[in-house]
Amino acid sequence: MELPYAVGAYDFTTARLIASAAALLALGGVVAASLALARTAGRLRSGNARTGARVALVASPVGAVLGTVVVVTADGGLGTGNGLGGGVVALLLGLVGTALGRRALNRSLRPVG
């Protein structure tokens, strides 16, 4: 028996779109934080580590909040078109990106000596 609210595996619903956007935003924060950490460690010469850390500290929490909203408002489980999987991924990536961004900002503010 098929559930009436289930959608196809490849159908793109609004909730899936929001969850995907949140996950991409949080992933961008993780990438920015990783590059900022590499700059503070001296592995990359170009760019400003503080700017990358600040970008991560804006993008990652926004992605995590959007992911949380999707998870909380999901009516069904995985595969029902509610974006639950993408919301969980966005939430986790947002938390990781925020932690890495904070670490990169702390390292960039430390005096070199």
# chains A, B, ... in the order shown; residues from 1 in each chain; ligands from 1
>>> select_by_dssp(residues="region 41-84 of chain A", states="helix (DSSP H, G or I)", output="PDB file with C-alpha atoms, in the first residue's frame")
ATOM      1  CA  ALA A  49      42.060  34.056   7.082  1.00  0.00           C
ATOM      2  CA  ARG A  50      39.799  36.392   9.065  1.00  0.00           C
ATOM      3  CA  THR A  51      37.556  37.023   6.080  1.00  0.00           C
ATOM      4  CA  GLY A  52      37.203  33.298   5.429  1.00  0.00           C
ATOM      5  CA  ALA A  53      36.431  32.656   9.075  1.00  0.00           C
ATOM      6  CA  ARG A  54      33.790  35.379   9.105  1.00  0.00           C
ATOM      7  CA  VAL A  55      32.205  34.010   5.931  1.00  0.00           C
ATOM      8  CA  ALA A  56      32.069  30.593   7.588  1.00  0.00           C
ATOM      9  CA  LEU A  57      30.577  32.068  10.758  1.00  0.00           C
ATOM     10  CA  VAL A  58      27.757  33.612   8.723  1.00  0.00           C
ATOM     11  CA  ALA A  59      27.052  30.893   6.154  1.00  0.00           C
ATOM     12  CA  SER A  60      27.263  27.851   8.421  1.00  0.00           C
ATOM     13  CA  PRO A  61      24.793  28.937  11.126  1.00  0.00           C
ATOM     14  CA  VAL A  62      22.314  30.128   8.489  1.00  0.00           C
ATOM     15  CA  GLY A  63      22.523  26.726   6.809  1.00  0.00           C
ATOM     16  CA  ALA A  64      22.118  24.989  10.161  1.00  0.00           C
ATOM     17  CA  VAL A  65      19.063  27.066  11.069  1.00  0.00           C
ATOM     18  CA  LEU A  66      17.431  26.441   7.690  1.00  0.00           C
ATOM     19  CA  GLY A  67      18.181  22.737   8.034  1.00  0.00           C
ATOM     20  CA  THR A  68      16.668  22.715  11.512  1.00  0.00           C
ATOM     21  CA  VAL A  69      13.515  24.414  10.245  1.00  0.00           C
ATOM     22  CA  VAL A  70      13.173  21.802   7.502  1.00  0.00           C
ATOM     23  CA  VAL A  71      13.691  18.939   9.976  1.00  0.00           C
ATOM     24  CA  VAL A  72      11.222  20.327  12.501  1.00  0.00           C
ATOM     25  CA  THR A  73       8.509  21.005   9.918  1.00  0.00           C
ATOM     26  CA  LEU A  84      14.310  15.555   5.897  1.00  0.00           C
TER      27      LEU A  84
END
>>> residues_around(residues="Ala99 (chain A)", least_positions_apart="4", cutoff="9 Å", atoms="only C-alpha atoms", output="list in words")
Ala33, Leu57, Gly94, Leu95, Arg103 and Ala104 of chain A
>>> atom_distance(atom1="CA of Leu27 (chain A)", atom2="CA of Val96 (chain A)")
9.2 Å
>>> residues_around(residues="region 12-18 of chain A", least_positions_apart="2", cutoff="9 Å", atoms="only C-alpha atoms", output="list in words")
Val7, Gly8, Ala9, Tyr10, Ser20, Ala21, Ala22, Ala23, Leu66, Gly67, Val70, Ala74, Gly81, Asn82, Gly83, Leu84, Gly85, Gly86 and Gly87 of chain A
>>> write_last_selection(atoms="all heavy atoms", output="short mmCIF file (atom, residue, chain, number, x, y, z; two decimals), in the first residue's frame")
data_model
loop_
_atom_site.label_atom_id
_atom_site.label_comp_id
_atom_site.auth_asym_id
_atom_site.auth_seq_id
_atom_site.Cartn_x
_atom_site.Cartn_y
_atom_site.Cartn_z
N VAL A 7 6.21 10.96 -2.52
CA VAL A 7 6.54 11.44 -3.87
C VAL A 7 7.64 10.56 -4.42
O VAL A 7 8.26 9.78 -3.70
CB VAL A 7 6.98 12.92 -3.85
CG1 VAL A 7 5.86 13.81 -3.40
CG2 VAL A 7 8.20 13.12 -2.99
N GLY A 8 7.91 10.72 -5.69
CA GLY A 8 8.96 9.95 -6.33
C GLY A 8 10.33 10.32 -5.80
O GLY A 8 10.55 11.40 -5.24
N ALA A 9 11.25 9.41 -5.99
CA ALA A 9 12.61 9.62 -5.47
C ALA A 9 13.31 10.79 -6.14
O ALA A 9 14.15 11.45 -5.52
CB ALA A 9 13.43 8.36 -5.65
N TYR A 10 12.96 11.08 -7.39
CA TYR A 10 13.63 12.15 -8.12
C TYR A 10 12.76 13.39 -8.30
O TYR A 10 13.14 14.32 -8.99
CB TYR A 10 14.10 11.64 -9.48
CG TYR A 10 15.12 10.52 -9.34
CD1 TYR A 10 14.77 9.21 -9.62
CD2 TYR A 10 16.40 10.79 -8.89
CE1 TYR A 10 15.70 8.19 -9.48
CE2 TYR A 10 17.32 9.79 -8.73
CZ TYR A 10 16.97 8.48 -9.04
OH TYR A 10 17.89 7.49 -8.88
N SER A 20 18.18 21.48 0.18
CA SER A 20 19.39 21.45 -0.65
C SER A 20 20.13 22.77 -0.59
O SER A 20 21.37 22.80 -0.51
CB SER A 20 19.02 21.13 -2.10
OG SER A 20 18.45 19.86 -2.19
N ALA A 21 19.40 23.87 -0.62
CA ALA A 21 20.03 25.19 -0.52
C ALA A 21 20.71 25.36 0.83
O ALA A 21 21.83 25.90 0.91
CB ALA A 21 18.99 26.28 -0.74
N ALA A 22 20.06 24.90 1.88
CA ALA A 22 20.66 24.98 3.21
C ALA A 22 21.92 24.14 3.31
O ALA A 22 22.93 24.57 3.89
CB ALA A 22 19.65 24.54 4.27
N ALA A 23 21.89 22.95 2.73
CA ALA A 23 23.07 22.08 2.76
C ALA A 23 24.22 22.69 1.96
O ALA A 23 25.38 22.63 2.39
CB ALA A 23 22.71 20.70 2.23
N LEU A 66 18.36 26.86 8.75
CA LEU A 66 17.43 26.44 7.69
C LEU A 66 17.23 24.93 7.71
O LEU A 66 16.11 24.44 7.54
CB LEU A 66 17.95 26.88 6.32
CG LEU A 66 17.77 28.33 5.96
CD1 LEU A 66 18.46 28.64 4.63
CD2 LEU A 66 16.32 28.70 5.89
N GLY A 67 18.30 24.19 7.93
CA GLY A 67 18.18 22.74 8.03
C GLY A 67 17.33 22.32 9.21
O GLY A 67 16.53 21.38 9.12
N VAL A 70 13.67 22.86 8.38
CA VAL A 70 13.17 21.80 7.50
C VAL A 70 12.92 20.52 8.29
O VAL A 70 11.89 19.86 8.12
CB VAL A 70 14.15 21.56 6.34
CG1 VAL A 70 13.78 20.31 5.57
CG2 VAL A 70 14.18 22.76 5.41
N ALA A 74 9.10 18.85 8.92
CA ALA A 74 8.87 17.69 8.05
C ALA A 74 7.70 16.85 8.59
O ALA A 74 7.64 16.53 9.77
CB ALA A 74 10.13 16.84 7.96
N GLY A 81 9.46 13.40 0.46
CA GLY A 81 9.50 14.68 -0.23
C GLY A 81 9.55 15.87 0.68
O GLY A 81 9.42 17.00 0.23
N ASN A 82 9.76 15.65 1.97
CA ASN A 82 9.78 16.74 2.93
C ASN A 82 11.16 17.33 3.18
O ASN A 82 11.32 18.22 3.99
CB ASN A 82 9.18 16.29 4.26
CG ASN A 82 7.71 16.01 4.14
OD1 ASN A 82 6.98 16.81 3.57
ND2 ASN A 82 7.27 14.88 4.64
N GLY A 83 12.19 16.81 2.52
CA GLY A 83 13.53 17.35 2.66
C GLY A 83 14.22 16.98 3.95
O GLY A 83 15.17 17.64 4.37
N LEU A 84 13.76 15.93 4.60
CA LEU A 84 14.31 15.55 5.90
C LEU A 84 15.79 15.18 5.81
O LEU A 84 16.59 15.61 6.64
CB LEU A 84 13.51 14.40 6.49
CG LEU A 84 13.87 13.96 7.89
CD1 LEU A 84 13.64 15.09 8.88
CD2 LEU A 84 13.04 12.76 8.30
N GLY A 85 16.16 14.42 4.80
CA GLY A 85 17.57 14.03 4.65
C GLY A 85 18.47 15.23 4.43
O GLY A 85 19.53 15.36 5.04
N GLY A 86 18.08 16.12 3.54
CA GLY A 86 18.86 17.33 3.28
C GLY A 86 18.91 18.25 4.48
O GLY A 86 19.92 18.91 4.73
N GLY A 87 17.83 18.29 5.24
CA GLY A 87 17.81 19.12 6.45
C GLY A 87 18.79 18.61 7.49
O GLY A 87 19.47 19.41 8.15
#
>>> closest_residue(among="A:Val88, A:Leu93, A:Leu78, A:Asn48", to="Val31 (chain A)", atoms="only C-alpha atoms")
A:Leu93
>>> atom_distance(atom1="CA of Leu24 (chain A)", atom2="CA of Gly77 (chain A)")
21.4 Å
>>> atom_distance(atom1="CA of Ala41 (chain A)", atom2="CA of Ala26 (chain A)")
22.6 Å
